[in-house]
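Enquirer: Contents are PDB, C-alpha atoms; file name target.pdb:
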```pdb
ATOM      1  CA  MET A   1      17.747 173.615  61.777  1.00  0.00           C
ATOM      2  CA  GLY A   2      17.719 173.561  65.578  1.00  0.00           C
ATOM      3  CA  GLU A   3      17.911 170.461  67.667  1.00  0.00           C
ATOM      4  CA  LEU A   4      14.763 168.936  69.063  1.00  0.00           C
ATOM      5  CA  TYR A   5      14.377 169.728  72.734  1.00  0.00           C
ATOM      6  CA  PHE A   6      12.905 166.800  74.621  1.00  0.00           C
ATOM      7  CA  ASP A   7      13.202 165.969  78.296  1.00  0.00           C
ATOM      8  CA  GLU A   8      11.048 165.441  81.384  1.00  0.00           C
ATOM      9  CA  SER A   9      10.244 169.137  81.662  1.00  0.00           C
ATOM     10  CA  VAL A  10       8.085 169.112  78.516  1.00  0.00           C
ATOM     11  CA  ILE A  11       6.198 166.018  79.706  1.00  0.00           C
ATOM     12  CA  LEU A  12       3.196 166.897  81.853  1.00  0.00           C
ATOM     13  CA  LEU A  13       1.251 164.316  83.845  1.00  0.00           C
ATOM     14  CA  ASN A  14      -2.300 164.537  85.193  1.00  0.00           C
ATOM     15  CA  VAL A  15      -3.031 167.692  83.248  1.00  0.00           C
ATOM     16  CA  GLU A  16      -6.356 169.048  84.418  1.00  0.00           C
ATOM     17  CA  GLY A  17      -8.673 171.554  82.841  1.00  0.00           C
ATOM     18  CA  ASP A  18     -12.318 171.947  82.035  1.00  0.00           C
ATOM     19  CA  SER A  19     -11.830 172.629  78.337  1.00  0.00           C
ATOM     20  CA  LYS A  20      -9.363 172.009  75.552  1.00  0.00           C
ATOM     21  CA  GLU A  21      -8.425 175.680  75.761  1.00  0.00           C
ATOM     22  CA  ALA A  22      -7.481 175.272  79.441  1.00  0.00           C
ATOM     23  CA  ILE A  23      -5.308 172.264  78.610  1.00  0.00           C
ATOM     24  CA  LEU A  24      -3.607 174.047  75.701  1.00  0.00           C
ATOM     25  CA  ALA A  25      -3.024 177.122  77.867  1.00  0.00           C
ATOM     26  CA  LYS A  26      -1.295 175.046  80.575  1.00  0.00           C
ATOM     27  CA  MET A  27       0.912 173.203  78.130  1.00  0.00           C
ATOM     28  CA  GLY A  28       1.695 176.371  76.170  1.00  0.00           C
ATOM     29  CA  LYS A  29       2.594 178.296  79.310  1.00  0.00           C
ATOM     30  CA  ASN A  30       5.027 175.584  80.341  1.00  0.00           C
ATOM     31  CA  LEU A  31       6.837 175.917  77.002  1.00  0.00           C
ATOM     32  CA  ALA A  32       6.765 179.717  77.165  1.00  0.00           C
ATOM     33  CA  ASP A  33       8.142 179.705  80.727  1.00  0.00           C
ATOM     34  CA  LYS A  34      11.041 177.640  79.442  1.00  0.00           C
ATOM     35  CA  GLN A  35      11.478 180.088  76.540  1.00  0.00           C
ATOM     36  CA  LEU A  36      11.136 177.274  74.035  1.00  0.00           C
ATOM     37  CA  VAL A  37       8.317 179.275  72.461  1.00  0.00           C
ATOM     38  CA  LYS A  38       7.424 182.937  72.343  1.00  0.00           C
ATOM     39  CA  ALA A  39       4.739 184.490  74.540  1.00  0.00           C
ATOM     40  CA  SER A  40       2.476 184.602  71.475  1.00  0.00           C
ATOM     41  CA  PHE A  41       2.534 180.813  71.067  1.00  0.00           C
ATOM     42  CA  THR A  42      -0.283 179.910  73.468  1.00  0.00           C
ATOM     43  CA  ASP A  43      -2.841 182.293  71.972  1.00  0.00           C
ATOM     44  CA  ALA A  44      -1.802 181.232  68.490  1.00  0.00           C
ATOM     45  CA  ILE A  45      -2.173 177.546  69.254  1.00  0.00           C
ATOM     46  CA  ILE A  46      -5.604 178.021  70.856  1.00  0.00           C
ATOM     47  CA  ALA A  47      -6.797 180.106  67.911  1.00  0.00           C
ATOM     48  CA  ARG A  48      -5.470 177.534  65.423  1.00  0.00           C
ATOM     49  CA  GLU A  49      -7.154 174.694  67.284  1.00  0.00           C
ATOM     50  CA  GLY A  50     -10.446 176.594  66.996  1.00  0.00           C
ATOM     51  CA  GLU A  51      -9.984 177.059  63.282  1.00  0.00           C
ATOM     52  CA  PHE A  52      -8.373 173.740  62.352  1.00  0.00           C
ATOM     53  CA  ALA A  53      -9.041 171.100  64.964  1.00  0.00           C
ATOM     54  CA  THR A  54      -6.394 168.443  65.627  1.00  0.00           C
ATOM     55  CA  GLY A  55      -8.230 165.749  67.566  1.00  0.00           C
ATOM     56  CA  LEU A  56      -7.580 162.287  66.139  1.00  0.00           C
ATOM     57  CA  PRO A  57      -9.913 159.399  66.927  1.00  0.00           C
ATOM     58  CA  THR A  58      -7.154 156.809  67.070  1.00  0.00           C
ATOM     59  CA  GLY A  59      -9.121 154.203  68.994  1.00  0.00           C
ATOM     60  CA  GLU A  60      -9.632 153.729  72.691  1.00  0.00           C
ATOM     61  CA  VAL A  61      -7.046 156.388  73.491  1.00  0.00           C
ATOM     62  CA  SER A  62      -7.617 159.458  71.308  1.00  0.00           C
ATOM     63  CA  VAL A  63      -4.880 162.001  70.787  1.00  0.00           C
ATOM     64  CA  ALA A  64      -4.601 165.605  69.647  1.00  0.00           C
ATOM     65  CA  ILE A  65      -1.664 167.260  67.917  1.00  0.00           C
ATOM     66  CA  PRO A  66      -2.077 171.013  68.379  1.00  0.00           C
ATOM     67  CA  HIS A  67       0.470 173.100  66.500  1.00  0.00           C
ATOM     68  CA  THR A  68       0.842 176.508  64.957  1.00  0.00           C
ATOM     69  CA  ASP A  69       3.039 178.639  62.741  1.00  0.00           C
ATOM     70  CA  VAL A  70       6.814 178.559  63.021  1.00  0.00           C
ATOM     71  CA  GLU A  71       7.220 182.220  63.949  1.00  0.00           C
ATOM     72  CA  HIS A  72       5.943 181.549  67.485  1.00  0.00           C
ATOM     73  CA  VAL A  73       8.646 178.966  68.161  1.00  0.00           C
ATOM     74  CA  ASN A  74      12.147 179.497  69.557  1.00  0.00           C
ATOM     75  CA  GLN A  75      13.303 175.912  69.759  1.00  0.00           C
ATOM     76  CA  LYS A  76      11.710 172.887  68.223  1.00  0.00           C
ATOM     77  CA  THR A  77      10.082 170.601  70.781  1.00  0.00           C
ATOM     78  CA  ILE A  78       7.280 168.120  71.292  1.00  0.00           C
ATOM     79  CA  SER A  79       5.443 168.569  74.551  1.00  0.00           C
ATOM     80  CA  VAL A  80       3.460 165.596  75.814  1.00  0.00           C
ATOM     81  CA  GLY A  81       0.443 166.066  78.081  1.00  0.00           C
ATOM     82  CA  ILE A  82      -1.246 163.089  79.666  1.00  0.00           C
ATOM     83  CA  LEU A  83      -4.670 164.325  80.728  1.00  0.00           C
ATOM     84  CA  LYS A  84      -6.162 163.428  84.096  1.00  0.00           C
ATOM     85  CA  ASP A  85      -9.579 163.020  82.489  1.00  0.00           C
ATOM     86  CA  PRO A  86     -10.342 162.883  78.774  1.00  0.00           C
ATOM     87  CA  ILE A  87     -11.233 166.278  77.282  1.00  0.00           C
ATOM     88  CA  ASP A  88     -13.269 166.702  74.119  1.00  0.00           C
ATOM     89  CA  PHE A  89     -11.422 168.022  71.100  1.00  0.00           C
ATOM     90  CA  CYS A  90     -12.963 168.564  67.693  1.00  0.00           C
ATOM     91  CA  VAL A  91     -11.852 166.044  65.117  1.00  0.00           C
ATOM     92  CA  MET A  92      -9.351 167.053  62.465  1.00  0.00           C
ATOM     93  CA  GLY A  93     -11.057 167.628  59.154  1.00  0.00           C
ATOM     94  CA  GLY A  94     -14.493 167.065  60.649  1.00  0.00           C
ATOM     95  CA  ASP A  95     -17.228 169.581  61.291  1.00  0.00           C
ATOM     96  CA  ASP A  96     -17.552 171.194  64.710  1.00  0.00           C
ATOM     97  CA  SER A  97     -20.045 168.624  65.963  1.00  0.00           C
ATOM     98  CA  GLU A  98     -17.552 165.795  65.542  1.00  0.00           C
ATOM     99  CA  ILE A  99     -15.606 165.401  68.780  1.00  0.00           C
ATOM    100  CA  THR A 100     -13.292 162.855  70.317  1.00  0.00           C
ATOM    101  CA  PRO A 101     -12.320 162.408  73.995  1.00  0.00           C
ATOM    102  CA  VAL A 102      -8.583 163.089  74.036  1.00  0.00           C
ATOM    103  CA  LYS A 103      -6.336 161.518  76.628  1.00  0.00           C
ATOM    104  CA  VAL A 104      -2.890 162.362  75.240  1.00  0.00           C
ATOM    105  CA  VAL A 105      -1.877 165.705  73.743  1.00  0.00           C
ATOM    106  CA  PHE A 106       1.263 166.007  71.624  1.00  0.00           C
ATOM    107  CA  MET A 107       1.874 169.730  71.315  1.00  0.00           C
ATOM    108  CA  LEU A 108       4.158 170.276  68.355  1.00  0.00           C
ATOM    109  CA  ALA A 109       6.378 173.337  68.335  1.00  0.00           C
ATOM    110  CA  MET A 110       8.083 173.155  64.952  1.00  0.00           C
ATOM    111  CA  ASP A 111      10.614 175.749  63.897  1.00  0.00           C
ATOM    112  CA  GLU A 112      10.531 175.076  60.190  1.00  0.00           C
ATOM    113  CA  ALA A 113       7.693 174.399  57.783  1.00  0.00           C
ATOM    114  CA  HIS A 114       7.740 171.351  55.504  1.00  0.00           C
ATOM    115  CA  SER A 115      10.384 169.517  57.477  1.00  0.00           C
ATOM    116  CA  GLN A 116      10.751 166.743  59.997  1.00  0.00           C
ATOM    117  CA  LEU A 117       8.995 164.165  57.856  1.00  0.00           C
ATOM    118  CA  SER A 118      10.623 161.163  59.491  1.00  0.00           C
ATOM    119  CA  LEU A 119       9.998 162.477  63.005  1.00  0.00           C
ATOM    120  CA  LEU A 120       6.347 163.176  62.216  1.00  0.00           C
ATOM    121  CA  GLN A 121       5.900 159.802  60.566  1.00  0.00           C
ATOM    122  CA  LYS A 122       7.276 158.098  63.656  1.00  0.00           C
ATOM    123  CA  LEU A 123       4.961 160.162  65.799  1.00  0.00           C
ATOM    124  CA  MET A 124       2.010 159.023  63.685  1.00  0.00           C
ATOM    125  CA  GLN A 125       3.140 155.436  64.251  1.00  0.00           C
ATOM    126  CA  VAL A 126       2.946 156.099  67.973  1.00  0.00           C
ATOM    127  CA  PHE A 127      -0.685 157.219  67.663  1.00  0.00           C
ATOM    128  CA  GLN A 128      -1.461 154.240  65.502  1.00  0.00           C
ATOM    129  CA  ASN A 129      -0.287 151.891  68.205  1.00  0.00           C
ATOM    130  CA  GLN A 130      -2.844 151.602  70.992  1.00  0.00           C
ATOM    131  CA  GLU A 131      -0.425 149.560  73.060  1.00  0.00           C
ATOM    132  CA  THR A 132       2.085 152.412  73.134  1.00  0.00           C
ATOM    133  CA  LEU A 133      -0.660 154.914  73.886  1.00  0.00           C
ATOM    134  CA  GLN A 134      -1.898 152.769  76.773  1.00  0.00           C
ATOM    135  CA  GLN A 135       1.650 152.588  78.118  1.00  0.00           C
ATOM    136  CA  LEU A 136       1.857 156.388  78.017  1.00  0.00           C
ATOM    137  CA  VAL A 137      -1.516 156.842  79.686  1.00  0.00           C
ATOM    138  CA  ASN A 138      -0.780 154.325  82.409  1.00  0.00           C
ATOM    139  CA  SER A 139       2.676 155.584  83.237  1.00  0.00           C
ATOM    140  CA  ALA A 140       3.167 157.766  86.275  1.00  0.00           C
ATOM    141  CA  ASP A 141       6.815 158.353  85.560  1.00  0.00           C
ATOM    142  CA  LYS A 142       8.119 161.118  83.299  1.00  0.00           C
ATOM    143  CA  THR A 143      11.456 159.463  82.733  1.00  0.00           C
ATOM    144  CA  GLU A 144       9.745 156.268  81.628  1.00  0.00           C
ATOM    145  CA  ILE A 145       7.603 158.253  79.173  1.00  0.00           C
ATOM    146  CA  LYS A 146      10.650 160.116  77.934  1.00  0.00           C
ATOM    147  CA  GLN A 147      12.562 156.904  77.332  1.00  0.00           C
ATOM    148  CA  LEU A 148       9.621 155.239  75.640  1.00  0.00           C
ATOM    149  CA  LEU A 149       9.136 158.138  73.241  1.00  0.00           C
ATOM    150  CA  GLU A 150      12.852 158.569  72.616  1.00  0.00           C
ATOM    151  CA  ALA A 151      12.950 154.971  71.498  1.00  0.00           C
ATOM    152  CA  LYS A 152       9.748 155.143  69.447  1.00  0.00           C
ATOM    153  CA  LEU A 153      10.696 158.416  67.770  1.00  0.00           C
ATOM    154  CA  ASP A 154      14.308 157.397  67.316  1.00  0.00           C
ATOM    155  CA  LEU A 155      15.436 160.687  68.803  1.00  0.00           C
ATOM    156  CA  ALA A 156      18.993 159.513  69.255  1.00  0.00           C
ATOM    157  CA  ALA A 157      19.319 159.252  65.471  1.00  0.00           C
ATOM    158  CA  LEU A 158      17.753 162.660  65.087  1.00  0.00           C
ATOM    159  CA  LYS A 159      20.215 164.256  67.460  1.00  0.00           C
ATOM    160  CA  GLY A 160      22.974 162.514  65.589  1.00  0.00           C
ATOM    161  CA  GLY A 161      22.433 164.904  62.691  1.00  0.00           C
ATOM    162  CA  GLU A 162      19.668 163.392  60.616  1.00  0.00           C
ATOM    163  CA  SER A 163      18.526 166.149  58.304  1.00  0.00           C
ATOM    164  CA  LYS A 164      14.940 165.181  57.631  1.00  0.00           C
TER     165      LYS A 164
ATOM    166  CA  MET B   1       0.395 163.674  29.389  1.00  0.00           C
ATOM    167  CA  LYS B   2       0.223 166.705  31.641  1.00  0.00           C
ATOM    168  CA  LYS B   3       1.323 166.025  35.180  1.00  0.00           C
ATOM    169  CA  LYS B   4      -1.580 166.018  37.599  1.00  0.00           C
ATOM    170  CA  GLN B   5      -1.288 168.740  40.158  1.00  0.00           C
ATOM    171  CA  VAL B   6      -2.074 167.507  43.665  1.00  0.00           C
ATOM    172  CA  LEU B   7      -2.484 169.973  46.498  1.00  0.00           C
ATOM    173  CA  VAL B   8      -1.678 168.672  49.958  1.00  0.00           C
ATOM    174  CA  ALA B   9      -2.970 171.074  52.549  1.00  0.00           C
ATOM    175  CA  CYS B  10      -3.359 171.443  56.277  1.00  0.00           C
ATOM    176  CA  GLY B  11      -4.006 174.412  58.521  1.00  0.00           C
ATOM    177  CA  ALA B  12      -0.391 175.410  59.015  1.00  0.00           C
ATOM    178  CA  GLY B  13       1.388 173.636  56.175  1.00  0.00           C
ATOM    179  CA  ILE B  14       3.724 172.212  58.794  1.00  0.00           C
ATOM    180  CA  ALA B  15       2.781 168.978  60.394  1.00  0.00           C
ATOM    181  CA  THR B  16       0.004 166.952  58.930  1.00  0.00           C
ATOM    182  CA  SER B  17       0.522 167.944  55.309  1.00  0.00           C
ATOM    183  CA  THR B  18       4.159 166.847  55.636  1.00  0.00           C
ATOM    184  CA  VAL B  19       3.034 163.359  56.528  1.00  0.00           C
ATOM    185  CA  VAL B  20       0.369 163.241  53.819  1.00  0.00           C
ATOM    186  CA  ASN B  21       2.871 164.582  51.307  1.00  0.00           C
ATOM    187  CA  GLY B  22       5.217 161.709  52.154  1.00  0.00           C
ATOM    188  CA  ALA B  23       2.415 159.187  51.701  1.00  0.00           C
ATOM    189  CA  ILE B  24       1.500 160.560  48.281  1.00  0.00           C
ATOM    190  CA  GLU B  25       5.122 160.592  47.170  1.00  0.00           C
ATOM    191  CA  ASP B  26       5.265 156.920  48.097  1.00  0.00           C
ATOM    192  CA  MET B  27       2.141 156.249  46.053  1.00  0.00           C
ATOM    193  CA  GLU B  28       3.646 158.129  43.137  1.00  0.00           C
ATOM    194  CA  LYS B  29       6.676 155.830  43.165  1.00  0.00           C
ATOM    195  CA  GLU B  30       4.716 152.682  43.796  1.00  0.00           C
ATOM    196  CA  HIS B  31       2.304 153.259  40.919  1.00  0.00           C
ATOM    197  CA  GLY B  32       4.701 154.940  38.511  1.00  0.00           C
ATOM    198  CA  LEU B  33       2.751 158.197  38.475  1.00  0.00           C
ATOM    199  CA  SER B  34       4.176 161.563  37.572  1.00  0.00           C
ATOM    200  CA  LEU B  35       2.713 164.183  39.876  1.00  0.00           C
ATOM    201  CA  ASP B  36       3.172 167.830  40.618  1.00  0.00           C
ATOM    202  CA  ILE B  37       2.668 167.781  44.399  1.00  0.00           C
ATOM    203  CA  ARG B  38       2.296 171.109  46.201  1.00  0.00           C
ATOM    204  CA  GLN B  39       2.369 171.192  49.982  1.00  0.00           C
ATOM    205  CA  ILE B  40       0.483 174.278  51.079  1.00  0.00           C
ATOM    206  CA  LYS B  41      -1.671 175.846  53.762  1.00  0.00           C
ATOM    207  CA  ILE B  42      -5.384 175.464  53.232  1.00  0.00           C
ATOM    208  CA  ALA B  43      -5.649 179.263  52.934  1.00  0.00           C
ATOM    209  CA  GLU B  44      -3.443 179.093  49.835  1.00  0.00           C
ATOM    210  CA  VAL B  45      -5.692 176.760  47.853  1.00  0.00           C
ATOM    211  CA  ASN B  46      -7.293 179.668  46.016  1.00  0.00           C
ATOM    212  CA  SER B  47      -4.023 180.431  44.226  1.00  0.00           C
ATOM    213  CA  TYR B  48      -4.213 176.991  42.590  1.00  0.00           C
ATOM    214  CA  ILE B  49      -7.882 177.043  41.696  1.00  0.00           C
ATOM    215  CA  ASP B  50      -7.227 176.967  37.937  1.00  0.00           C
ATOM    216  CA  THR B  51      -4.384 174.482  37.931  1.00  0.00           C
ATOM    217  CA  ALA B  52      -5.062 171.813  40.562  1.00  0.00           C
ATOM    218  CA  ASP B  53      -6.522 168.394  39.777  1.00  0.00           C
ATOM    219  CA  LEU B  54      -7.015 167.202  43.330  1.00  0.00           C
ATOM    220  CA  LEU B  55      -6.937 168.498  46.914  1.00  0.00           C
ATOM    221  CA  VAL B  56      -5.928 166.122  49.688  1.00  0.00           C
ATOM    222  CA  THR B  57      -6.382 167.760  53.058  1.00  0.00           C
ATOM    223  CA  THR B  58      -6.578 167.198  56.789  1.00  0.00           C
ATOM    224  CA  ALA B  59      -8.176 170.601  57.349  1.00  0.00           C
ATOM    225  CA  MET B  60     -11.869 171.173  57.324  1.00  0.00           C
ATOM    226  CA  THR B  61     -13.063 172.880  54.207  1.00  0.00           C
ATOM    227  CA  LYS B  62     -16.585 174.052  53.533  1.00  0.00           C
ATOM    228  CA  LYS B  63     -15.753 175.687  50.247  1.00  0.00           C
ATOM    229  CA  GLU B  64     -16.641 174.166  46.926  1.00  0.00           C
ATOM    230  CA  TYR B  65     -13.740 173.659  44.558  1.00  0.00           C
ATOM    231  CA  PRO B  66     -13.703 172.774  40.875  1.00  0.00           C
ATOM    232  CA  PHE B  67     -11.624 169.683  41.702  1.00  0.00           C
ATOM    233  CA  PRO B  68     -12.265 166.747  44.048  1.00  0.00           C
ATOM    234  CA  VAL B  69     -11.357 167.026  47.723  1.00  0.00           C
ATOM    235  CA  ILE B  70     -10.249 163.966  49.677  1.00  0.00           C
ATOM    236  CA  ASN B  71     -10.024 163.900  53.480  1.00  0.00           C
ATOM    237  CA  ALA B  72      -6.605 162.602  54.535  1.00  0.00           C
ATOM    238  CA  ARG B  73      -7.167 162.087  58.235  1.00  0.00           C
ATOM    239  CA  SER B  74      -6.685 158.349  57.853  1.00  0.00           C
ATOM    240  CA  PHE B  75      -2.992 158.873  57.092  1.00  0.00           C
ATOM    241  CA  LEU B  76      -2.671 160.189  60.639  1.00  0.00           C
ATOM    242  CA  THR B  77      -4.902 157.783  62.525  1.00  0.00           C
ATOM    243  CA  GLY B  78      -3.957 154.708  60.525  1.00  0.00           C
ATOM    244  CA  ILE B  79      -7.651 153.828  60.358  1.00  0.00           C
ATOM    245  CA  GLY B  80      -8.954 153.516  56.800  1.00  0.00           C
ATOM    246  CA  THR B  81      -5.663 154.377  55.089  1.00  0.00           C
ATOM    247  CA  GLU B  82      -6.116 151.826  52.313  1.00  0.00           C
ATOM    248  CA  ASP B  83      -9.517 153.261  51.373  1.00  0.00           C
ATOM    249  CA  THR B  84      -8.111 156.774  51.222  1.00  0.00           C
ATOM    250  CA  LYS B  85      -5.217 155.616  49.040  1.00  0.00           C
ATOM    251  CA  LYS B  86      -7.658 153.893  46.717  1.00  0.00           C
ATOM    252  CA  GLN B  87      -9.750 157.052  46.461  1.00  0.00           C
ATOM    253  CA  ILE B  88      -6.673 159.149  45.655  1.00  0.00           C
ATOM    254  CA  LEU B  89      -5.437 156.657  43.103  1.00  0.00           C
ATOM    255  CA  GLU B  90      -8.804 156.563  41.360  1.00  0.00           C
ATOM    256  CA  GLU B  91      -8.762 160.327  40.976  1.00  0.00           C
ATOM    257  CA  LEU B  92      -5.190 160.365  39.712  1.00  0.00           C
ATOM    258  CA  GLN B  93      -5.733 157.640  37.151  1.00  0.00           C
ATOM    259  CA  LYS B  94      -8.809 159.310  35.655  1.00  0.00           C
TER     260      LYS B  94
END
```
Would you put the structure from the file into structure tokens?
Expert:
Amino acid sequence: MGELYFDESVILLNVEGDSKEAILAKMGKNLADKQLVKASFTDAIIAREGEFATGLPTGEVSVAIPHTDVEHVNQKTISVGILKDPIDFCVMGGDDSEITPVKVVFMLAMDEAHSQLSLLQKLMQVFQNQETLQQLVNSADKTEIKQLLEAKLDLAALKGGESK
Amino acid sequence: MKKKQVLVACGAGIATSTVVNGAIEDMEKEHGLSLDIRQIKIAEVNSYIDTADLLVTTAMTKKEYPFPVINARSFLTGIGTEDTKKQILEELQK
């Protein structure tokens, strides 16, 4: 299993777009330009979001966790997009009329199915903590966001060879 | 007693079902249940139509199944998790 790639270059601030597709395209292109994902990733993630929405009404700050199949991924990474203005995403497991204004997008590029339980659980804890989400939204500094998430996701332990 | 077969499904079978799977495994231990948990993509549910006892999913499903379907979004948002667990437990203890 590859190492998780996470640094300032996968953190995007003030992401602008007039639709969720525009936001996903920007974030996907950034990952593709860095060769972390294949060229097919962006289309795949937009199509998947249309079919299975990932917006999560977590409270005042809603999040979305777009992701797609492993074959579009070169190296595992989590890209974080802080949106300039909230953009409506459909709610996971809801019908198409159920939307939530998303402010933070965690784009998951996973290279293996059925893995990364502890990382994902920690990520869920981040969404479940409005204080952390507010800190992310209010930060104008990529390094600060990187350090905050590294601590919250315990990435140091992960890089140290944790297998799950 | 036959083990109850629980399907845990999301769109890709990668992210959200992994988390839900972990939550159900915890419930299994906590309540001394013996479950046959299958983590799958929602598109694969049809292969289990005759064997499954319960579907727990984060993906939208409009289809009717011969077993109950429980929405697992609360495991991700943290809002309403206890209610969802209760619902799952009720189905499993039937």
Enquirer: Step by step, work through what the PyMOL selection byres ((chain B) within 10 of (chain A)) selects in the shown file, and finish by giving those residues as a PyMOL selection string.
Expert: chain B and resi 10-23+39-40+42+57-62+71-79
Enquirer: Kindly give the distance, in Å, that separates CA of Pro68 in chain B and CA of Cys90 in chain A, rounded to a single decimal.
Expert: 23.7 Å
Enquirer: So the first atom is CA of His31 in chain B and the second is CA of Glu91 in chain B; what is the distance between them in Å, to one decimal place?
Expert: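 Those two atoms sit 13.1 Å apart.
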Enquirer: So how far away is CA of Glu71 in chain A from CA of Ile49 in chain B, in Å?
Expert: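 Computing the Euclidean distance for CA of Ile49 in chain B and CA of Glu71 in chain A yields 27.4 Å.
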Enquirer: Could you pull the residues within 10 Å of Asp18 in chain A, counting all atoms listed in the file, minus those fewer than 3 positions along the same chain, as a list of chain:residue names?
Expert: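 Contacts, in chain order: A:Glu21, A:Ala22, A:Ile23, A:Asp85, A:Pro86, A:Ile87, A:Asp88.
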Enquirer: Have a look at A:Val10, A:Met107, A:Ile46, A:Leu36 and name the one nearest to His72 in chain A; count all atoms listed in the file.
Expert: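 Closest candidate: A:Leu36.
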Enquirer: Do you know which residues are at most 6 Å from Gln5 in chain B counting only C-alpha atoms, after dropping those on the same chain fewer than 4 positions away, and could you put them as a short mmCIF file (atom, residue, chain, number, x, y, z; two decimals) with C-alpha atoms, keeping the file's coordinate frame?
Expert:
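The result, stored in around39.cif:
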```
data_model
loop_
_atom_site.label_atom_id
_atom_site.label_comp_id
_atom_site.auth_asym_id
_atom_site.auth_seq_id
_atom_site.Cartn_x
_atom_site.Cartn_y
_atom_site.Cartn_z
CA ASP B 36 3.17 167.83 40.62
CA ILE B 37 2.67 167.78 44.40
CA ALA B 52 -5.06 171.81 40.56
CA ASP B 53 -6.52 168.39 39.78
#
```
Enquirer: Of the residues A:Glu60, A:Val105, A:Gly81, A:Phe89, which is the one nearest to Gln134 in chain A, using all atoms listed in the file?
Expert: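 Comparing A:Glu60, A:Val105, A:Gly81, A:Phe89 against Gln134 in chain A, the winner is A:Glu60.
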Enquirer: If you count only C-alpha atoms, which residues fall within 12 Å of Leu12 in chain A, apart from same-chain ones fewer than 2 positions away, as a JSON list (two decimals) with C-alpha atoms, in the frame of the given file?
Expert:
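Here's the written file selection.json:
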```
[["chain", "number", "residue", "atom", "x", "y", "z"],
["A", 7, "ASP", "CA", 13.20, 165.97, 78.30],
["A", 8, "GLU", "CA", 11.05, 165.44, 81.38],
["A", 9, "SER", "CA", 10.24, 169.14, 81.66],
["A", 10, "VAL", "CA", 8.09, 169.11, 78.52],
["A", 14, "ASN", "CA", -2.30, 164.54, 85.19],
["A", 15, "VAL", "CA", -3.03, 167.69, 83.25],
["A", 16, "GLU", "CA", -6.36, 169.05, 84.42],
["A", 23, "ILE", "CA", -5.31, 172.26, 78.61],
["A", 24, "LEU", "CA", -3.61, 174.05, 75.70],
["A", 26, "LYS", "CA", -1.30, 175.05, 80.58],
["A", 27, "MET", "CA", 0.91, 173.20, 78.13],
["A", 28, "GLY", "CA", 1.70, 176.37, 76.17],
["A", 29, "LYS", "CA", 2.59, 178.30, 79.31],
["A", 30, "ASN", "CA", 5.03, 175.58, 80.34],
["A", 31, "LEU", "CA", 6.84, 175.92, 77.00],
["A", 78, "ILE", "CA", 7.28, 168.12, 71.29],
["A", 79, "SER", "CA", 5.44, 168.57, 74.55],
["A", 80, "VAL", "CA", 3.46, 165.60, 75.81],
["A", 81, "GLY", "CA", 0.44, 166.07, 78.08],
["A", 82, "ILE", "CA", -1.25, 163.09, 79.67],
["A", 83, "LEU", "CA", -4.67, 164.32, 80.73],
["A", 84, "LYS", "CA", -6.16, 163.43, 84.10],
["A", 104, "VAL", "CA", -2.89, 162.36, 75.24],
["A", 105, "VAL", "CA", -1.88, 165.70, 73.74],
["A", 106, "PHE", "CA", 1.26, 166.01, 71.62],
["A", 107, "MET", "CA", 1.87, 169.73, 71.32],
["A", 136, "LEU", "CA", 1.86, 156.39, 78.02],
["A", 137, "VAL", "CA", -1.52, 156.84, 79.69],
["A", 139, "SER", "CA", 2.68, 155.58, 83.24],
["A", 140, "ALA", "CA", 3.17, 157.77, 86.28],
["A", 141, "ASP", "CA", 6.82, 158.35, 85.56],
["A", 142, "LYS", "CA", 8.12, 161.12, 83.30],
["A", 143, "THR", "CA", 11.46, 159.46, 82.73],
["A", 145, "ILE", "CA", 7.60, 158.25, 79.17],
["A", 146, "LYS", "CA", 10.65, 160.12, 77.93]]
```
